[in-house]
file entry-v3.txt (compact mmCIF, C-alpha atoms)
# COMPACT_ATOMS: atom_id res chain seq x y z
CA MET D 131 105.54 99.75 101.24
CA PRO D 132 104.28 103.07 102.65
CA GLN D 133 105.93 104.53 105.74
CA ASN D 134 102.94 104.71 108.05
CA SER D 135 103.43 105.60 111.69
CA CYS D 136 104.33 102.66 113.87
CA ARG D 137 101.57 101.58 116.22
CA SER D 138 101.57 99.38 119.30
CA SER D 139 102.01 96.19 117.34
CA ARG D 140 102.11 93.33 119.84
CA PHE D 141 104.45 91.44 117.51
CA GLY D 142 105.35 89.07 120.34
CA VAL D 143 106.19 88.67 124.00
CA ALA D 144 109.95 88.09 124.04
CA THR D 145 111.92 90.49 126.22
CA PRO D 146 115.46 91.80 125.71
CA ASN D 147 118.23 90.16 127.69
CA HIS D 148 118.95 93.41 129.51
CA ARG D 149 116.78 96.46 130.11
CA THR D 150 117.31 99.67 132.08
CA GLN D 151 114.44 101.93 133.13
CA SER D 152 114.61 105.66 133.86
CA LYS D 153 111.57 107.31 135.43
CA SER D 154 112.84 110.77 134.56
CA SER D 155 113.02 110.03 130.83
CA LYS D 156 110.25 111.29 128.63
CA GLN D 157 107.95 108.57 127.37
CA VAL D 158 107.70 108.56 123.58
CA SER D 159 104.50 107.19 122.13
CA SER D 160 105.07 104.43 119.60
CA ALA D 161 102.13 105.85 117.68
CA ARG D 162 104.31 108.84 116.73
CA LEU D 163 107.25 106.83 115.43
CA LYS D 164 107.98 106.22 111.80
CA CYS D 165 109.98 103.05 111.33
CA HIS D 166 111.72 101.39 108.42
CA ALA D 167 113.56 98.06 108.34
CA PHE D 168 116.58 97.46 106.13
CA VAL D 169 116.98 93.71 105.77
CA ASP D 170 119.92 91.79 104.33
CA PHE D 171 119.27 88.84 102.01
CA ASP D 172 122.17 86.35 101.85
CA GLY D 173 122.43 84.54 105.17
CA THR D 174 119.50 86.53 106.59
CA ILE D 175 116.26 86.24 104.59
CA VAL D 176 117.75 83.12 103.02
CA PRO D 177 119.64 81.26 105.77
CA GLN D 178 122.47 80.26 103.44
CA ASP D 179 124.62 82.57 101.33
CA ALA D 180 122.72 82.56 98.04
CA THR D 181 125.58 84.22 96.15
CA ASP D 182 128.09 81.55 97.21
CA PHE D 183 125.42 78.94 96.44
CA LEU D 184 125.36 80.15 92.83
CA PHE D 185 129.15 80.17 92.46
CA GLU D 186 129.51 76.74 94.03
CA ARG D 187 127.30 75.27 91.33
CA PHE D 188 128.29 77.19 88.24
CA ALA D 189 131.67 78.94 88.63
CA ASP D 190 135.23 77.77 88.22
CA SER D 191 136.67 76.77 91.59
CA SER D 192 139.04 79.76 91.52
CA TRP D 193 136.07 81.89 92.70
CA ARG D 194 137.09 80.79 96.20
CA ASP D 195 140.50 82.44 95.83
CA VAL D 196 138.78 85.71 94.92
CA GLU D 197 136.46 85.26 97.91
CA ALA D 198 139.46 84.84 100.20
CA ASP D 199 140.87 88.16 98.97
CA TRP D 200 137.57 89.87 99.80
CA GLN D 201 137.26 88.21 103.19
CA SER D 202 140.76 89.38 104.11
CA GLY D 203 139.96 92.94 103.05
CA LYS D 204 142.39 93.00 100.11
CA ILE D 205 139.62 93.92 97.67
CA GLY D 206 136.11 95.38 97.91
CA SER D 207 132.98 93.52 96.92
CA ARG D 208 132.72 95.32 93.57
CA GLU D 209 136.02 93.88 92.39
CA CYS D 210 135.26 90.56 94.07
CA LEU D 211 131.90 90.08 92.37
CA THR D 212 133.13 91.29 88.97
CA ARG D 213 135.91 88.72 88.99
CA GLN D 214 133.69 85.93 90.30
CA VAL D 215 130.85 86.54 87.84
CA ALA D 216 133.40 86.36 85.01
CA LEU D 217 133.95 82.75 86.13
CA LEU D 218 130.26 81.82 85.85
CA ARG D 219 129.23 79.42 83.10
CA ALA D 220 125.53 78.55 83.18
CA ASP D 221 122.36 78.55 81.14
CA PRO D 222 119.62 80.76 82.66
CA LYS D 223 117.18 77.86 82.95
CA ASP D 224 119.73 75.92 85.01
CA VAL D 225 120.34 78.93 87.24
CA LEU D 226 116.60 79.37 87.81
CA SER D 227 116.26 75.68 88.62
CA GLU D 228 118.95 75.92 91.29
CA ILE D 229 117.51 79.15 92.71
CA GLY D 230 114.22 77.29 93.09
CA ALA D 231 115.87 75.16 95.78
CA LEU D 232 116.47 78.20 98.01
CA ASP D 233 113.97 78.72 100.83
CA VAL D 234 113.45 81.85 102.90
CA ASP D 235 113.77 81.80 106.68
CA PRO D 236 110.64 80.06 108.03
CA GLY D 237 109.73 83.13 110.09
CA PHE D 238 110.22 85.72 107.37
CA SER D 239 106.68 85.71 105.98
CA LYS D 240 105.29 86.38 109.45
CA PHE D 241 107.80 89.21 109.94
CA VAL D 242 106.64 90.81 106.68
CA ARG D 243 102.97 90.49 107.64
CA GLU D 244 103.46 91.94 111.12
CA CYS D 245 105.52 94.85 109.78
CA ALA D 246 102.73 95.64 107.33
CA LYS D 247 100.17 95.62 110.15
CA ALA D 248 102.31 97.93 112.27
CA GLY D 249 103.21 100.30 109.42
CA VAL D 250 106.90 99.38 109.45
CA GLY D 251 108.38 99.76 105.97
CA ILE D 252 110.80 97.15 104.63
CA THR D 253 113.56 97.42 102.05
CA VAL D 254 115.69 94.40 101.22
CA VAL D 255 119.29 95.63 100.85
CA SER D 256 121.82 93.15 99.53
CA ASP D 257 125.35 93.08 98.17
CA GLY D 258 124.25 90.01 96.26
CA PHE D 259 122.28 89.72 93.02
CA ASP D 260 118.87 91.12 92.09
CA TYR D 261 118.31 88.16 89.76
CA VAL D 262 118.45 85.77 92.71
CA ILE D 263 116.43 87.94 95.12
CA GLU D 264 113.62 88.59 92.64
CA ASN D 265 113.12 84.91 91.92
CA VAL D 266 113.45 83.68 95.52
CA LEU D 267 110.93 86.23 96.82
CA ARG D 268 108.53 85.48 93.96
CA ASN D 269 108.75 81.76 94.70
CA ALA D 270 107.94 82.53 98.35
CA GLY D 271 104.97 84.73 97.41
CA ILE D 272 106.57 87.82 98.97
CA ASP D 273 106.46 91.24 97.30
CA LEU D 274 109.05 93.68 98.67
CA VAL D 275 111.22 96.50 97.41
CA PHE D 276 114.81 95.28 97.03
CA LYS D 277 118.12 96.95 96.17
CA ALA D 278 121.01 94.82 94.97
CA ASN D 279 123.68 94.40 92.32
CA HIS D 280 122.38 93.70 88.81
CA LEU D 281 123.17 90.27 87.37
CA GLU D 282 122.34 89.66 83.71
CA HIS D 283 122.84 86.90 81.18
CA ILE D 284 124.81 88.17 78.15
CA GLY D 285 124.66 85.13 75.89
CA GLY D 286 125.87 81.57 75.87
CA GLY D 287 126.79 80.64 79.42
CA HIS D 288 128.21 84.06 80.21
CA TRP D 289 126.99 86.61 82.75
CA ARG D 290 127.75 90.18 83.75
CA VAL D 291 127.30 92.14 86.98
CA THR D 292 126.80 95.90 87.21
CA PHE D 293 126.48 98.11 90.27
CA PRO D 294 123.65 100.64 89.95
CA ASN D 295 123.84 101.55 93.65
CA SER D 296 127.61 101.80 94.12
CA ARG D 297 129.22 105.02 95.34
CA SER D 298 132.83 106.11 95.01
CA SER D 299 132.64 107.43 98.57
CA CYS D 300 131.64 104.02 100.01
CA ILE D 301 134.19 103.25 102.71
CA SER D 302 133.75 99.49 102.38
CA LEU D 303 133.92 99.58 98.54
CA ALA D 304 130.64 97.71 98.42
CA GLY D 305 128.92 96.99 95.14
CA ASN D 306 125.61 97.99 96.72
CA CYS D 307 126.08 100.86 99.18
CA LYS D 308 123.51 100.02 101.85
CA CYS D 309 124.11 103.21 103.80
CA SER D 310 122.77 105.28 100.90
CA PHE D 311 119.30 103.80 101.32
CA THR D 312 119.01 105.14 104.86
CA GLU D 313 119.54 108.75 103.76
CA PRO D 314 115.89 109.43 102.79
CA HIS D 315 114.89 108.16 106.25
CA GLN D 316 116.70 110.70 108.45
CA LYS D 317 113.57 111.32 110.54
CA THR D 318 112.69 107.64 110.69
CA MET D 319 113.62 105.03 113.29
CA LYS D 320 115.91 102.73 111.33
CA ILE D 321 116.03 98.98 111.96
CA VAL D 322 118.77 96.80 110.44
CA VAL D 323 118.62 93.01 110.23
CA GLY D 324 121.78 91.35 108.98
CA ASP D 325 124.56 88.85 109.34
CA GLY D 326 127.72 89.82 107.50
CA ARG D 327 130.43 92.24 106.40
CA SER D 328 128.12 94.11 104.03
CA ASP D 329 125.98 95.06 107.04
CA PHE D 330 128.77 96.57 109.14
CA CYS D 331 128.48 100.13 107.87
CA VAL D 332 124.69 100.38 107.61
CA SER D 333 124.29 99.03 111.14
CA LYS D 334 126.04 102.18 112.42
CA HIS D 335 123.13 104.25 111.04
CA ALA D 336 120.48 102.15 112.80
CA ASP D 337 118.45 102.79 115.94
CA LEU D 338 118.05 99.03 116.37
CA VAL D 339 120.17 96.17 115.04
CA PHE D 340 119.30 92.49 114.83
CA ALA D 341 122.51 90.56 114.25
CA LYS D 342 123.91 87.08 113.75
CA SER D 343 127.13 85.55 112.45
CA LYS D 344 129.84 88.11 111.51
CA LEU D 345 127.65 91.11 112.29
CA LEU D 346 126.90 89.70 115.74
CA GLU D 347 130.62 89.23 116.39
CA LEU D 348 131.20 92.86 115.46
CA CYS D 349 128.40 94.14 117.71
CA VAL D 350 129.70 92.13 120.66
CA SER D 351 133.30 93.24 120.11
CA THR D 352 132.41 96.95 119.80
CA GLY D 353 129.69 97.01 122.46
CA ALA D 354 127.11 98.18 119.91
CA THR D 355 123.44 97.96 120.87
CA HIS D 356 121.86 94.92 119.28
CA TYR D 357 119.68 91.85 119.63
CA PRO D 358 121.10 88.48 118.53
CA PHE D 359 118.73 86.34 116.48
CA GLU D 360 118.60 82.89 114.97
CA SER D 361 115.43 83.19 112.90
CA PHE D 362 112.89 85.84 111.95
CA PHE D 363 110.58 84.48 114.65
CA ASP D 364 113.09 85.99 117.11
CA VAL D 365 113.18 89.27 115.18
CA THR D 366 109.39 89.54 115.04
CA ASP D 367 108.95 88.89 118.77
CA ARG D 368 111.68 91.26 119.89
CA LEU D 369 110.76 94.03 117.48
CA GLY D 370 107.26 94.02 118.93
CA VAL D 371 108.62 94.59 122.43
CA TRP D 372 110.92 97.35 121.18
CA LEU D 373 108.04 99.18 119.48
CA ASP D 374 105.74 98.85 122.48
CA ASP D 375 108.21 99.95 125.17
CA PRO D 376 109.66 103.49 124.79
CA SER D 377 112.10 102.91 127.67
CA ILE D 378 114.25 100.51 125.62
CA ARG D 379 114.48 102.98 122.73
CA ARG D 380 116.37 105.58 124.81
CA PRO D 381 120.16 105.74 124.36
CA GLU D 382 120.64 105.41 128.14
CA ALA D 383 118.62 102.20 128.04
CA ALA D 384 120.81 100.60 125.39
CA HIS D 385 121.60 96.96 125.94
CA VAL D 386 124.01 94.45 124.49
CA SER D 387 122.75 90.89 124.36
CA GLN D 388 125.15 88.01 124.39
CA PRO D 389 125.03 85.52 121.51
CA THR D 390 122.47 82.74 121.66
CA ARG D 391 123.16 79.20 120.49
call {"tool": "encode", "arguments": {"input": "entry-v3.txt", "output": "structure tokens"}}
result
Amino acid sequence: MPQNSCRSSRFGVATPNHRTQSKSSKQVSSARLKCHAFVDFDGTIVPQDATDFLFERFADSSWRDVEADWQSGKIGSRECLTRQVALLRADPKDVLSEIGALDVDPGFSKFVRECAKAGVGITVVSDGFDYVIENVLRNAGIDLVFKANHLEHIGGGHWRVTFPNSRSSCISLAGNCKCSFTEPHQKTMKIVVGDGRSDFCVSKHADLVFAKSKLLELCVSTGATHYPFESFFDVTDRLGVWLDDPSIRRPEAAHVSQPTR
């Protein structure tokens, strides 16, 4: 999607929980902003964790022990996913059938349409699998650029994962280094939408963060500027306000919203 300048989009009418105004601050026209959204997949575009969904159906139960090691920080996601994928036993047609049961967030299609109207670019960034993302988005009729780990069938019921976007310098040892995708957008207002551990680092590079679940807990605990969300209807509404009101884009007007239920 091209990076057109953001315009006054009127995405919605929701207002942030807290807002501070400063008359002395220079007003920045939203027409001059270039914006790009980096959106997580598992637990965000798809409300459930699609990677765990796959392992639950086709992997030996010991995948949960590997997951526990990752959750506790003993291993990075590259090692975690390599070990878990080695436990997968499934025919591709069965995997595709199960993936077909995954639905995107009911508000995501509207979010994509409104971003396109406002010239906000979108890249799906996931520490999950490209095989899953490609098929879920196709089933939903959504065409977006996505960056993820590469899952491939290698014969019989066996699968392999590779990490085309990993970096040795990645602090979190992620399979898919989400921070690297923000680097070409240094002069762009960066928006992150996410829910989990793989979004912690990239959220620190964002001008605006939409958070739920583990990412929301982190934002609340660190005092990071964010909006909580439950669905992409929330994200669409609140992003529209953010684009239309320069006062809430200033650092001194930063707000921290408490979690919603």
call {"tool": "closest_residue", "arguments": {"input": "entry-v3.txt", "among": "D:Arg327, D:Arg208, D:Lys223, D:Lys317", "to": "D:Ala278", "atoms": "only C-alpha atoms"}}
result
D:Arg208
call {"tool": "closest_residue", "arguments": {"input": "entry-v3.txt", "among": "D:Ala341, D:Val262, D:Leu211, D:Ala189", "to": "D:His288", "atoms": "all atoms listed in the file"}}
result
D:Ala189
call {"tool": "closest_residue", "arguments": {"input": "entry-v3.txt", "among": "D:Ala216, D:Ala304, D:Val242, D:Val225", "to": "D:Gly203", "atoms": "all atoms listed in the file"}}
result
D:Ala304
call {"tool": "atom_distance", "arguments": {"input": "entry-v3.txt", "atom1": "atom CA of D:Asp224", "atom2": "atom CA of D:Asp257"}}
result
22.3 Å
call {"tool": "closest_residue", "arguments": {"input": "entry-v3.txt", "among": "D:Cys307, D:Leu338, D:Ile205, D:Ile321", "to": "D:Ser256", "atoms": "only C-alpha atoms"}}
result
D:Cys307
call {"tool": "closest_residue", "arguments": {"input": "entry-v3.txt", "among": "D:Leu274, D:Ala198, D:His280, D:Thr352", "to": "D:Ala246", "atoms": "all atoms listed in the file"}}
result
D:Leu274
call {"tool": "closest_residue", "arguments": {"input": "entry-v3.txt", "among": "D:Asp235, D:Phe188, D:Ser207, D:Ala180", "to": "D:Phe293", "atoms": "all atoms listed in the file"}}
result
D:Ser207
call {"tool": "residues_around", "arguments": {"input": "entry-v3.txt", "residues": "stretch 311-313 of chain D", "least_positions_apart": "5", "cutoff": "12 Å", "atoms": "only C-alpha atoms", "output": "MDAnalysis selection string"}}
result
chainID D and resid 165:169 251:256 275:278 295:297 306 318:322 331:337
call {"tool": "atom_distance", "arguments": {"input": "entry-v3.txt", "atom1": "atom CA of D:Ala270", "atom2": "atom CA of D:Thr366"}}
result
18.2 Å
call {"tool": "atom_distance", "arguments": {"input": "entry-v3.txt", "atom1": "atom CA of D:Pro236", "atom2": "atom CA of D:Gly370"}}
result
18.0 Å
call {"tool": "residues_around", "arguments": {"input": "entry-v3.txt", "residues": "D:Gly286", "least_positions_apart": "6", "cutoff": "12 Å", "atoms": "all atoms listed in the file", "output": "VMD selection string"}}
result
chain D and resid 218 to 223
call {"tool": "residues_around", "arguments": {"input": "entry-v3.txt", "residues": "D:Asn279", "least_positions_apart": "5", "cutoff": "7 Å", "atoms": "all atoms listed in the file", "output": "PyMOL selection string"}}
result
chain D and resi 257-260+291-294+305-306
call {"tool": "residues_around", "arguments": {"input": "entry-v3.txt", "residues": "D:Phe238", "least_positions_apart": "4", "cutoff": "12 Å", "atoms": "only C-alpha atoms", "output": "ChimeraX atom specification"}}
result
/D:169-171,174-177,233-234,242-245,252,254,267,270-272,274,323,360-367
call {"tool": "write_last_selection", "arguments": {"input": "entry-v3.txt", "atoms": "C-alpha atoms", "output": "PDB file, in the coordinates of the input"}}
result
ATOM      1  CA  VAL D 169     116.980  93.710 105.770  1.00  0.00           C
ATOM      2  CA  ASP D 170     119.920  91.790 104.330  1.00  0.00           C
ATOM      3  CA  PHE D 171     119.270  88.840 102.010  1.00  0.00           C
ATOM      4  CA  THR D 174     119.500  86.530 106.590  1.00  0.00           C
ATOM      5  CA  ILE D 175     116.260  86.240 104.590  1.00  0.00           C
ATOM      6  CA  VAL D 176     117.750  83.120 103.020  1.00  0.00           C
ATOM      7  CA  PRO D 177     119.640  81.260 105.770  1.00  0.00           C
ATOM      8  CA  ASP D 233     113.970  78.720 100.830  1.00  0.00           C
ATOM      9  CA  VAL D 234     113.450  81.850 102.900  1.00  0.00           C
ATOM     10  CA  VAL D 242     106.640  90.810 106.680  1.00  0.00           C
ATOM     11  CA  ARG D 243     102.970  90.490 107.640  1.00  0.00           C
ATOM     12  CA  GLU D 244     103.460  91.940 111.120  1.00  0.00           C
ATOM     13  CA  CYS D 245     105.520  94.850 109.780  1.00  0.00           C
ATOM     14  CA  ILE D 252     110.800  97.150 104.630  1.00  0.00           C
ATOM     15  CA  VAL D 254     115.690  94.400 101.220  1.00  0.00           C
ATOM     16  CA  LEU D 267     110.930  86.230  96.820  1.00  0.00           C
ATOM     17  CA  ALA D 270     107.940  82.530  98.350  1.00  0.00           C
ATOM     18  CA  GLY D 271     104.970  84.730  97.410  1.00  0.00           C
ATOM     19  CA  ILE D 272     106.570  87.820  98.970  1.00  0.00           C
ATOM     20  CA  LEU D 274     109.050  93.680  98.670  1.00  0.00           C
ATOM     21  CA  VAL D 323     118.620  93.010 110.230  1.00  0.00           C
ATOM     22  CA  GLU D 360     118.600  82.890 114.970  1.00  0.00           C
ATOM     23  CA  SER D 361     115.430  83.190 112.900  1.00  0.00           C
ATOM     24  CA  PHE D 362     112.890  85.840 111.950  1.00  0.00           C
ATOM     25  CA  PHE D 363     110.580  84.480 114.650  1.00  0.00           C
ATOM     26  CA  ASP D 364     113.090  85.990 117.110  1.00  0.00           C
ATOM     27  CA  VAL D 365     113.180  89.270 115.180  1.00  0.00           C
ATOM     28  CA  THR D 366     109.390  89.540 115.040  1.00  0.00           C
ATOM     29  CA  ASP D 367     108.950  88.890 118.770  1.00  0.00           C
TER      30      ASP D 367
END
call {"tool": "residues_around", "arguments": {"input": "entry-v3.txt", "residues": "D:Leu348", "least_positions_apart": "3", "cutoff": "12 Å", "atoms": "all atoms listed in the file", "output": "number ranges by chain"}}
result
D: 324-331, 333-334, 339-345, 351-356, 358, 386, 388-389
call {"tool": "write_last_selection", "arguments": {"input": "entry-v3.txt", "atoms": "C-alpha atoms", "output": "PDB file, in the coordinates of the input"}}
result
ATOM      1  CA  GLY D 324     121.780  91.350 108.980  1.00  0.00           C
ATOM      2  CA  ASP D 325     124.560  88.850 109.340  1.00  0.00           C
ATOM      3  CA  GLY D 326     127.720  89.820 107.500  1.00  0.00           C
ATOM      4  CA  ARG D 327     130.430  92.240 106.400  1.00  0.00           C
ATOM      5  CA  SER D 328     128.120  94.110 104.030  1.00  0.00           C
ATOM      6  CA  ASP D 329     125.980  95.060 107.040  1.00  0.00           C
ATOM      7  CA  PHE D 330     128.770  96.570 109.140  1.00  0.00           C
ATOM      8  CA  CYS D 331     128.480 100.130 107.870  1.00  0.00           C
ATOM      9  CA  SER D 333     124.290  99.030 111.140  1.00  0.00           C
ATOM     10  CA  LYS D 334     126.040 102.180 112.420  1.00  0.00           C
ATOM     11  CA  VAL D 339     120.170  96.170 115.040  1.00  0.00           C
ATOM     12  CA  PHE D 340     119.300  92.490 114.830  1.00  0.00           C
ATOM     13  CA  ALA D 341     122.510  90.560 114.250  1.00  0.00           C
ATOM     14  CA  LYS D 342     123.910  87.080 113.750  1.00  0.00           C
ATOM     15  CA  SER D 343     127.130  85.550 112.450  1.00  0.00           C
ATOM     16  CA  LYS D 344     129.840  88.110 111.510  1.00  0.00           C
ATOM     17  CA  LEU D 345     127.650  91.110 112.290  1.00  0.00           C
ATOM     18  CA  SER D 351     133.300  93.240 120.110  1.00  0.00           C
ATOM     19  CA  THR D 352     132.410  96.950 119.800  1.00  0.00           C
ATOM     20  CA  GLY D 353     129.690  97.010 122.460  1.00  0.00           C
ATOM     21  CA  ALA D 354     127.110  98.180 119.910  1.00  0.00           C
ATOM     22  CA  THR D 355     123.440  97.960 120.870  1.00  0.00           C
ATOM     23  CA  HIS D 356     121.860  94.920 119.280  1.00  0.00           C
ATOM     24  CA  PRO D 358     121.100  88.480 118.530  1.00  0.00           C
ATOM     25  CA  VAL D 386     124.010  94.450 124.490  1.00  0.00           C
ATOM     26  CA  GLN D 388     125.150  88.010 124.390  1.00  0.00           C
ATOM     27  CA  PRO D 389     125.030  85.520 121.510  1.00  0.00           C
TER      28      PRO D 389
END
